[in-house]
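Enquirer: What follows is start11.txt; its format and atoms are compact mmCIF, C-alpha atoms.
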```
# COMPACT_ATOMS: atom_id res chain seq x y z
CA MET A 152 45.07 172.91 156.21
CA MET A 153 46.55 169.55 157.10
CA TYR A 154 49.97 169.48 158.74
CA ILE A 155 51.98 166.34 159.42
CA ASN A 156 53.44 166.46 162.94
CA GLY A 157 54.68 162.90 163.19
CA PHE A 158 55.40 160.08 160.76
CA SER A 159 56.29 156.50 161.41
CA ALA A 160 56.81 153.34 159.38
CA ILE A 161 57.20 149.66 160.05
CA ASN A 162 58.03 147.53 157.05
CA THR A 163 60.92 145.47 155.73
CA LEU A 164 63.08 148.61 155.58
CA THR A 165 62.25 150.19 158.94
CA LYS A 166 62.44 148.36 162.25
CA ALA A 167 59.80 148.73 164.95
CA GLY A 168 60.44 151.88 166.94
CA GLU A 169 63.45 153.08 164.95
CA ASN A 170 61.78 155.04 162.11
CA GLU A 171 65.05 154.90 160.21
CA LEU A 172 65.76 153.21 156.90
CA SER A 173 67.79 150.05 156.83
CA LEU A 174 68.56 149.72 153.15
CA GLU A 175 69.68 146.57 151.48
CA ALA A 176 70.16 145.82 147.82
CA GLY A 177 67.00 144.65 146.10
CA PHE A 178 63.78 143.39 147.53
CA VAL A 179 63.85 141.25 150.65
CA ALA A 180 60.82 139.02 151.12
CA VAL A 181 58.85 139.54 154.32
CA PRO A 182 59.15 136.09 155.95
CA PHE A 183 62.91 136.45 156.05
CA LYS A 184 62.76 139.87 157.66
CA ARG A 185 59.78 139.76 159.98
CA GLN A 186 61.75 138.72 163.04
CA ALA A 187 64.18 141.54 162.47
CA TYR A 188 61.71 144.35 162.13
CA GLN A 189 58.95 143.14 164.39
CA ASP A 190 60.28 143.07 167.91
CA TYR A 191 57.35 144.52 169.82
CA LYS A 192 57.97 143.43 173.37
CA ASN A 193 59.51 146.77 174.26
CA TYR A 194 56.41 148.61 173.09
CA ILE A 195 53.38 146.45 173.91
CA LYS A 196 52.63 144.62 177.16
CA GLY A 197 52.83 140.82 176.86
CA ALA A 198 49.21 140.21 177.82
CA ALA A 199 47.93 142.53 175.09
CA LEU A 200 50.53 141.40 172.58
CA ARG A 201 49.53 137.75 172.50
CA ARG A 202 46.11 138.44 170.99
CA MET A 203 47.21 141.04 168.46
CA SER A 204 47.52 140.27 164.78
CA PRO A 205 50.60 141.51 162.87
CA SER A 206 48.57 144.49 161.59
CA VAL A 207 47.59 145.55 165.10
CA LYS A 208 51.12 145.11 166.42
CA MET A 209 52.70 147.11 163.61
CA SER A 210 50.06 149.84 163.92
CA ALA A 211 50.28 150.03 167.70
CA VAL A 212 54.03 150.62 167.64
CA ALA A 213 53.88 153.05 164.71
CA ALA A 214 51.02 154.96 166.38
CA GLN A 215 52.86 155.30 169.69
CA GLN A 216 55.86 156.60 167.82
CA VAL A 217 54.01 159.36 165.96
CA ILE A 218 52.19 160.43 169.10
CA SER A 219 55.53 160.76 170.83
CA GLN A 220 56.95 162.76 167.89
CA ALA A 221 53.94 165.07 168.07
CA ASN A 222 54.62 165.66 171.77
CA HIS A 223 51.60 163.67 172.96
CA LYS A 224 48.98 166.19 171.90
CA ASN A 225 45.37 165.47 172.70
CA LEU A 226 44.05 163.00 170.14
CA ASN A 227 40.74 163.83 168.42
CA GLY A 228 40.40 160.81 166.19
CA VAL A 229 41.86 157.59 164.80
CA ILE A 230 41.42 156.87 161.09
CA VAL A 231 42.85 153.75 159.47
CA GLY A 232 42.97 152.59 155.87
CA THR A 233 43.53 148.93 155.10
CA GLY A 234 43.13 146.88 151.97
CA MET A 235 42.78 143.46 153.55
CA GLY A 236 42.60 144.05 157.32
CA CYS A 237 43.94 141.46 159.73
CA LYS A 238 44.51 138.93 156.98
CA ALA A 239 46.12 136.10 158.95
CA ASP A 240 43.27 135.96 161.48
CA SER A 241 40.67 136.30 158.72
CA ASP A 242 42.26 133.33 156.93
CA ALA A 243 42.32 131.29 160.15
CA PHE A 244 38.70 132.13 160.96
CA LEU A 245 37.47 131.25 157.46
CA GLU A 246 39.41 127.98 157.46
CA LYS A 247 37.82 127.00 160.79
CA LEU A 248 34.45 127.97 159.36
CA LEU A 249 34.96 125.46 156.56
CA GLU A 250 36.00 122.76 159.05
CA ASP A 251 33.15 123.18 161.52
CA GLU A 252 31.07 126.31 161.68
CA THR A 253 29.65 125.48 165.10
CA LEU A 254 33.01 125.67 166.92
CA LEU A 255 34.74 128.89 166.00
CA SER A 256 37.51 130.69 167.85
CA PRO A 257 36.20 133.98 169.30
CA THR A 258 39.64 135.60 169.09
CA LYS A 259 40.01 134.92 165.37
CA PHE A 260 36.49 136.24 164.83
CA ILE A 261 37.16 139.44 166.77
CA GLN A 262 40.41 139.98 164.89
CA SER A 263 39.04 139.18 161.46
CA THR A 264 37.12 142.41 161.01
CA HIS A 265 38.84 145.21 159.14
CA ASN A 266 38.15 147.80 161.85
CA THR A 267 40.02 145.77 164.49
CA VAL A 268 43.13 147.93 164.03
CA ALA A 269 41.40 151.28 164.60
CA GLY A 270 39.47 149.80 167.53
CA GLN A 271 42.57 148.37 169.17
CA LEU A 272 44.41 151.67 168.70
CA ALA A 273 41.53 153.50 170.40
CA ILE A 274 41.76 151.14 173.39
CA LEU A 275 45.54 151.31 173.53
CA LEU A 276 45.62 155.11 173.28
CA ASP A 277 42.49 155.61 175.39
CA CYS A 278 40.97 157.65 172.58
CA LYS A 279 37.18 157.73 172.77
CA ALA A 280 36.89 160.22 169.91
CA TYR A 281 36.14 159.67 166.21
CA ASN A 282 37.15 156.21 165.01
CA MET A 283 36.89 155.17 161.38
CA THR A 284 38.25 152.53 159.01
CA PHE A 285 38.43 152.74 155.23
CA VAL A 286 38.66 149.64 153.06
CA GLN A 287 39.02 150.90 149.52
CA ASN A 288 41.47 148.64 147.72
CA SER A 289 44.65 150.56 146.81
CA LEU A 290 42.98 153.86 147.80
CA SER A 291 42.36 152.82 151.41
CA LEU A 292 45.03 155.04 152.97
CA GLU A 293 44.21 157.96 150.70
CA SER A 294 40.52 157.65 151.65
CA ALA A 295 41.55 157.78 155.31
CA LEU A 296 43.64 160.89 154.63
CA ILE A 297 40.70 162.60 152.91
CA ASP A 298 38.49 161.79 155.88
CA ALA A 299 41.13 163.28 158.17
CA GLN A 300 41.19 166.36 155.96
CA LEU A 301 37.42 166.72 156.35
CA GLU A 302 37.65 166.22 160.11
CA LEU A 303 40.31 168.90 160.33
CA ALA A 304 38.30 171.39 158.30
CA SER A 305 36.88 172.95 161.43
CA SER A 306 38.08 176.01 163.27
CA GLU A 307 38.83 174.22 166.51
CA GLU A 308 42.29 172.75 167.07
CA LYS A 309 42.34 169.06 166.18
CA ASN A 310 44.96 166.30 166.06
CA ILE A 311 44.20 163.06 164.28
CA LEU A 312 46.10 159.82 164.00
CA VAL A 313 45.79 158.51 160.46
CA GLY A 314 47.52 155.59 158.84
CA GLY A 315 47.48 152.64 156.52
CA VAL A 316 48.28 149.03 157.31
CA ASP A 317 48.33 145.68 155.55
CA GLU A 318 49.85 142.38 156.59
CA LEU A 319 51.10 139.40 154.68
CA SER A 320 49.68 136.00 155.58
CA PRO A 321 50.69 132.62 154.18
CA LYS A 322 47.50 132.75 152.08
CA THR A 323 47.89 136.32 150.80
CA GLU A 324 50.01 135.40 147.82
CA GLU A 325 47.61 132.66 146.80
CA HIS A 326 44.61 135.00 147.10
CA LEU A 327 46.23 137.89 145.27
CA GLN A 328 47.41 135.61 142.49
CA PHE A 329 43.79 134.52 142.15
CA LEU A 330 42.62 138.14 141.96
CA HIS A 331 45.46 139.22 139.65
CA PRO A 332 46.53 136.08 137.76
CA GLU A 333 48.78 138.04 135.41
CA SER A 334 50.78 139.66 138.21
CA THR A 335 54.35 139.03 139.24
CA PHE A 336 54.11 140.93 142.51
CA ASN A 337 56.68 140.92 145.22
CA PHE A 338 54.31 141.06 148.15
CA GLY A 339 55.11 143.10 151.21
CA GLU A 340 53.49 144.43 154.36
CA GLY A 341 53.73 147.43 156.60
CA ALA A 342 52.13 150.09 158.74
CA HIS A 343 52.58 153.80 158.02
CA PHE A 344 51.09 156.28 160.45
CA PHE A 345 50.92 160.05 160.57
CA MET A 346 49.85 162.56 163.18
CA VAL A 347 47.96 165.26 161.31
CA ALA A 348 46.57 168.52 162.60
CA ASN A 349 44.94 171.71 161.38
CA GLN A 350 47.52 173.75 163.29
CA LYS A 351 51.17 174.18 162.55
CA TYR A 352 53.40 173.29 165.49
CA ASN A 353 57.15 173.39 166.07
CA GLU A 354 57.34 169.69 165.26
CA SER A 355 55.39 169.98 161.98
CA VAL A 356 57.40 168.52 159.10
CA ALA A 357 55.10 168.92 156.12
CA GLN A 358 51.79 170.16 154.86
CA ILE A 359 49.55 168.02 152.71
CA LYS A 360 48.43 170.51 150.08
CA SER A 361 46.23 168.23 148.06
CA ILE A 362 44.90 164.67 147.88
CA GLU A 363 43.07 163.73 144.72
CA LEU A 364 41.62 160.34 143.89
CA VAL A 365 40.35 159.30 140.47
CA SER A 366 38.93 155.81 139.90
CA GLU A 367 38.98 155.90 136.11
CA LEU A 368 41.47 158.06 134.25
CA LYS A 369 42.61 157.59 130.68
CA ALA A 370 46.33 158.01 130.08
CA GLU A 371 45.66 160.85 127.60
CA ASN A 372 43.89 162.80 130.37
CA LEU A 373 46.64 162.37 132.97
CA GLN A 374 48.54 165.48 131.93
CA THR A 375 45.40 167.61 132.22
CA LYS A 376 44.75 166.22 135.68
CA ILE A 377 48.27 167.06 136.81
CA ASN A 378 47.93 170.57 135.42
CA GLU A 379 44.66 171.04 137.31
CA ILE A 380 46.24 169.95 140.59
CA LEU A 381 49.23 172.22 140.14
CA GLU A 382 47.08 175.18 139.08
CA ARG A 383 44.80 174.78 142.08
CA ASN A 384 47.86 174.92 144.30
CA LYS A 385 49.42 177.82 142.40
CA LEU A 386 52.42 175.75 141.34
CA GLN A 387 54.26 175.22 138.06
CA ILE A 388 55.72 171.93 136.84
CA ASN A 389 59.22 173.17 137.71
CA ASP A 390 58.14 173.82 141.31
CA ILE A 391 57.86 170.07 141.90
CA ASP A 392 61.27 169.03 143.20
CA ALA A 393 60.57 165.32 143.36
CA VAL A 394 57.93 162.84 142.31
CA ILE A 395 57.52 159.51 144.07
CA LEU A 396 55.94 156.94 141.81
CA GLY A 397 54.33 153.62 142.73
CA ILE A 398 55.94 151.85 139.80
CA ASP A 399 55.13 148.14 139.91
CA GLN A 400 55.20 145.26 137.51
CA TYR A 401 52.66 146.98 135.28
CA LEU A 402 55.07 149.18 133.40
CA ASP A 403 52.29 151.07 131.69
CA ASN A 404 52.44 154.49 130.11
CA TYR A 405 50.97 156.35 133.12
CA TYR A 406 54.25 156.43 135.00
CA GLY A 407 56.05 157.26 131.74
CA ILE A 408 53.86 160.35 131.34
CA LEU A 409 54.75 161.45 134.87
CA GLN A 410 58.45 160.96 134.18
CA GLU A 411 58.24 162.98 130.96
CA THR A 412 56.21 165.74 132.58
CA PHE A 413 58.59 166.09 135.50
CA HIS A 414 61.83 165.54 133.57
CA ASN A 415 63.48 168.32 135.57
CA SER A 416 62.54 166.73 138.88
CA ALA A 417 64.03 163.82 140.77
CA VAL A 418 61.99 160.64 140.29
CA TYR A 419 61.82 158.05 143.06
CA THR A 420 60.16 154.67 143.34
CA TYR A 421 59.83 152.22 146.22
CA LYS A 422 57.72 149.12 145.54
CA ASN A 423 60.82 147.27 144.33
CA LYS A 424 62.15 147.73 147.88
CA ILE A 425 59.18 147.21 150.19
CA GLY A 426 56.91 145.11 148.01
CA GLU A 427 53.32 145.53 146.92
CA PHE A 428 50.35 145.87 149.26
CA TYR A 429 47.17 147.91 149.22
CA THR A 430 48.45 150.66 151.51
CA THR A 431 51.98 150.73 150.15
CA ASN A 432 51.56 154.41 149.27
CA GLY A 433 51.93 155.14 152.97
CA PHE A 434 55.61 154.47 152.50
CA ALA A 435 55.76 157.11 149.74
CA LEU A 436 54.26 159.70 152.09
CA TRP A 437 56.61 158.57 154.85
CA LEU A 438 59.54 158.85 152.40
CA ALA A 439 58.53 162.42 151.48
CA CYS A 440 58.44 163.38 155.19
CA TYR A 441 61.76 161.61 155.74
CA GLY A 442 63.16 163.53 152.75
CA PHE A 443 61.96 166.87 154.14
CA LYS A 444 63.42 166.14 157.55
CA ASN A 445 66.80 165.03 156.17
CA GLN A 446 66.66 167.24 153.08
CA GLN A 447 67.29 164.23 150.88
CA ILE A 448 65.67 161.01 149.83
CA PRO A 449 68.23 158.17 149.73
CA THR A 450 69.60 157.54 146.24
CA GLU A 451 68.60 153.86 146.53
CA PHE A 452 65.07 154.98 145.67
CA LEU A 453 66.07 156.99 142.59
CA TYR A 454 64.43 156.00 139.35
CA GLY A 455 66.33 157.98 136.74
CA LYS A 456 68.60 160.97 137.13
CA THR A 457 69.42 162.87 140.26
CA VAL A 458 68.44 166.49 140.54
CA GLY A 459 70.09 168.30 143.38
CA LYS A 460 67.28 170.64 144.27
CA ARG A 461 66.20 171.59 147.74
CA LEU A 462 63.20 169.43 148.57
CA ASN A 463 60.15 171.70 148.89
CA ASN A 464 57.31 170.23 146.86
CA VAL A 465 56.82 166.51 146.35
CA LEU A 466 54.11 164.89 144.26
CA ILE A 467 53.23 161.28 145.08
CA TYR A 468 51.44 159.35 142.37
CA ASN A 469 50.16 155.80 142.48
CA GLN A 470 47.70 153.75 140.48
CA ASN A 471 46.57 150.16 140.33
CA ASN A 472 46.82 148.65 136.85
CA GLY A 473 45.44 151.77 135.16
CA LYS A 474 42.75 152.38 137.78
CA GLU A 475 42.48 153.96 141.23
CA HIS A 476 44.81 156.88 140.66
CA SER A 477 45.97 158.89 143.62
CA PHE A 478 47.84 162.19 143.72
CA ILE A 479 49.21 163.53 146.98
CA LEU A 480 50.92 166.90 146.91
CA VAL A 481 53.03 167.50 149.97
CA GLN A 482 55.09 170.54 150.90
CA ASN A 483 58.05 171.04 153.18
CA LEU A 484 57.66 173.44 156.09
CA MET B 180 46.02 110.92 184.51
CA SER B 181 48.78 113.49 184.48
CA ASN B 182 48.94 113.23 180.69
CA LEU B 183 45.59 114.96 180.45
CA ARG B 184 46.86 117.84 182.58
CA GLU B 185 50.00 118.21 180.46
CA GLU B 186 47.90 118.00 177.31
CA LEU B 187 45.55 120.70 178.62
CA LYS B 188 48.46 122.99 179.42
CA TYR B 189 49.88 122.50 175.94
CA LYS B 190 46.51 123.14 174.27
CA ILE B 191 45.80 126.22 176.36
CA ILE B 192 49.22 127.69 175.57
CA GLU B 193 48.73 126.92 171.88
CA ASN B 194 45.10 128.07 171.53
CA LEU B 195 45.43 131.15 173.70
CA ASN B 196 48.74 132.10 172.15
CA LEU B 197 50.53 132.32 175.52
CA GLU B 198 53.87 132.88 173.80
CA ASP B 199 55.86 133.52 176.96
CA LEU B 200 54.71 130.41 178.82
CA SER B 201 55.77 126.79 178.55
CA VAL B 202 54.03 123.69 179.95
CA GLU B 203 56.48 123.71 182.89
CA ASP B 204 55.45 127.26 183.85
CA ILE B 205 51.85 126.30 184.62
CA GLY B 206 51.21 124.44 187.86
CA ASN B 207 48.19 122.13 188.07
CA ASN B 208 46.65 124.28 190.78
CA ASP B 209 47.68 127.73 189.51
CA LEU B 210 44.75 130.13 189.17
CA LEU B 211 44.13 130.48 185.43
CA PHE B 212 42.08 133.66 185.75
CA GLY B 213 43.81 135.15 188.75
CA ASP B 214 47.22 136.59 189.30
CA ASP B 215 49.05 133.40 188.34
CA ILE B 216 48.25 133.10 184.62
CA GLY B 217 46.03 136.14 184.05
CA LEU B 218 43.50 134.86 181.53
CA ASP B 219 40.39 136.91 180.70
CA SER B 220 36.82 136.43 179.47
CA ILE B 221 37.81 135.96 175.82
CA ASP B 222 40.16 133.18 176.94
CA ALA B 223 37.24 131.57 178.76
CA LEU B 224 35.33 131.48 175.48
CA GLU B 225 38.35 129.90 173.78
CA ILE B 226 38.51 127.20 176.49
CA ILE B 227 34.77 126.49 176.09
CA VAL B 228 35.34 125.94 172.35
CA LEU B 229 38.43 123.81 173.08
CA LEU B 230 36.53 121.53 175.51
CA GLU B 231 33.73 120.97 173.03
CA LYS B 232 35.96 120.49 170.03
CA ASP B 233 38.68 118.30 171.52
CA TYR B 234 36.82 116.48 174.32
CA GLY B 235 33.21 116.59 173.16
CA ILE B 236 32.10 118.29 176.36
CA LYS B 237 29.61 121.10 176.19
CA ILE B 238 29.24 123.49 179.11
CA THR B 239 25.51 124.07 179.27
CA ASP B 240 25.37 126.18 182.40
CA PRO B 241 27.65 129.26 182.09
CA LYS B 242 27.57 129.65 185.89
CA GLN B 243 29.59 126.43 186.16
CA GLY B 244 32.47 128.08 184.26
CA LYS B 245 33.96 129.93 187.21
CA GLU B 246 34.51 126.71 189.17
CA ILE B 247 35.50 124.53 186.22
CA PHE B 248 38.04 126.99 184.84
CA GLU B 249 39.72 127.73 188.15
CA SER B 250 42.83 125.69 187.33
CA ILE B 251 44.20 122.96 185.08
CA GLU B 252 43.32 120.51 187.84
CA THR B 253 39.64 121.54 187.97
CA ILE B 254 39.31 121.43 184.18
CA ALA B 255 40.94 117.98 184.08
CA GLN B 256 38.60 116.69 186.80
CA PHE B 257 35.62 118.06 184.89
CA ILE B 258 36.75 116.29 181.71
CA GLU B 259 37.37 113.00 183.56
CA LYS B 260 33.94 113.19 185.13
CA ASN B 261 32.06 114.01 181.95
CA GLN B 262 33.82 112.08 179.23
```
As structure tokens, how would this structure be written, given the file I've shared?

Expert:
Amino acid sequence: MMYINGFSAINTLTKAGENELSLEAGFVAVPFKRQAYQDYKNYIKGAALRRMSPSVKMSAVAAQQVISQANHKNLNGVIVGTGMGCKADSDAFLEKLLEDETLLSPTKFIQSTHNTVAGQLAILLDCKAYNMTFVQNSLSLESALIDAQLELASSEEKNILVGGVDELSPKTEEHLQFLHPESTFNFGEGAHFFMVANQKYNESVAQIKSIELVSELKAENLQTKINEILERNKLQINDIDAVILGIDQYLDNYYGILQETFHNSAVYTYKNKIGEFYTTNGFALWLACYGFKNQQIPTEFLYGKTVGKRLNNVLIYNQNNGKEHSFILVQNL
Amino acid sequence: MSNLREELKYKIIENLNLEDLSVEDIGNNDLLFGDDIGLDSIDALEIIVLLEKDYGIKITDPKQGKEIFESIETIAQFIEKNQ
């Protein structure tokens, strides 16, 4: 059993500390918004703040927020998923390495490892328990969630902070264009954190029923996979009230199959609003929790027709150019 | 002479990312690692790299660091003596 007791987001649509959507028409590029959504001085002490990368800052604020939502329960672990880690400091460190490898900045080196975020969160939250980082491309957050699920599969009461974070650096676009030359991404960044537990509390908003990851999946086998997931959770297609799809510039037939399968459900998408990054699916999970709490997902995210059902079961599906498929089934409480 | 001190203040603010401080906020004799500015051991490493990179001065004996890094004034004197 994995219950979500707190959920927090920092991205171009949600300001630091507010956890509320600030919707604008279309996609707004990060550099124009960063000042607006990243005002951390109220949340992090100045001395600590100056050495933190954008990823650490976003995560620190989001983490404090979910811990507060979950009524400051004892923390038994910190698990972070990130596709590219503290990218800006990694870029700076590697550039200095090319200039002169004998004189390197220790701060940039410390910050350029992917597990910096989880480590900094442990220090900030004084959590000496389990600390893990997953770097698994577009399945980084999902891998972290599965690890949390395994950690929670014990009889003793446990609360774990789990989240995904990725930051945009001036070099990110150049690097991603190199990796995906055919892409027309709108790049984004953000931190999405969740307090999960194996106990249901008063503040619990959702239960993650299932997380399934498939690296290689042919489009013709997608329907079978969905059926398997639903069957395992004793659900029918019509029980899914909403699907949240990671539709991006690759308008392939995978998302079309999902839309056809769930033609009686509301279909939402979000990458056109917050941009593309490796842990962007964190926003989909955040949006599902937000939807449960408010009993509606804002119509700005609708992709297709509206279905006015009560929001009980939400299926989140994402994939990366036909690979790295993830299915997260989440239920209202 | 004072140019070096101003330059050091600027470089320390820039390299150590002391966002809330300006050159005017740091006195020549303020304690860099004490209550005045509040730097820490990682900052000391950054200053060691800065001295070597920008002034060609290598600190060979780590024990010297405590005295050299006491203030902008002591760092400036060390540079003037060793350059």

Enquirer: Do you know which residues are at most 10 Å from Ala223 in chain B counting all atoms listed in the file, after dropping those on the same chain fewer than 4 positions away, and could you put them as a list in words?

Expert: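 The residues satisfying every condition are Pro257 of chain A; Leu195, Leu211, Phe212, Leu218, Asp219, Ile227, Val228, Leu229, Gly244, Lys245 and Phe248 of chain B.
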
Enquirer: List as a PDB file with C-alpha atoms, in the frame of the given file the protein and nucleic acid residues near Leu187 in chain B, meaning an atom at most 9 Å away when only C-alpha atoms are counted, but skip any in the same chain fewer than 6 places from it.

Expert:
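The resulting part.pdb:
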```pdb
ATOM      1  CA  ILE B 251      44.200 122.960 185.080  1.00  0.00           C
ATOM      2  CA  ILE B 254      39.310 121.430 184.180  1.00  0.00           C
ATOM      3  CA  ALA B 255      40.940 117.980 184.080  1.00  0.00           C
TER       4      ALA B 255
END
```

Enquirer: Using all atoms listed in the file, find which residues of chain B lie within 9 Å of chain A and jot them down as an MDAnalysis selection string.

Expert: chainID B and resid 194:199 217:218 221:222 224:225 228:229 231:232

Enquirer: Of the candidates A:Leu290, A:Ile230, A:Glu171, A:Gly314, which one gets nearest to Leu364 in chain A if we count all atoms listed in the file?

Expert: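 Looking at the shortest contact to Leu364 in chain A, the residue is A:Leu290.
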
Enquirer: Range 277-285 of chain A: which residues within 12 Å, counting all atoms listed in the file, same-chain residues fewer than 5 positions away excluded, as a VMD selection string?

Expert: chain A and resid 215 224 to 236 264 to 272 290 to 299 302 to 303 309 to 316 429 to 430

Enquirer: Using only C-alpha atoms, find the one residue out of B:Ser181, B:Glu246, B:Ile238, B:Lys188 that sits nearest to Asp204 in chain B.

Expert: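 Residue with the minimum atom-to-atom distance to Asp204 in chain B: B:Lys188.
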
Enquirer: May I ask for the distance between CA of Asn423 in chain A and CA of Ile395 in chain A, given in Å to one decimal place?

Expert: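 Interatomic distance, CA of Asn423 in chain A to CA of Ile395 in chain A: 12.7 Å.
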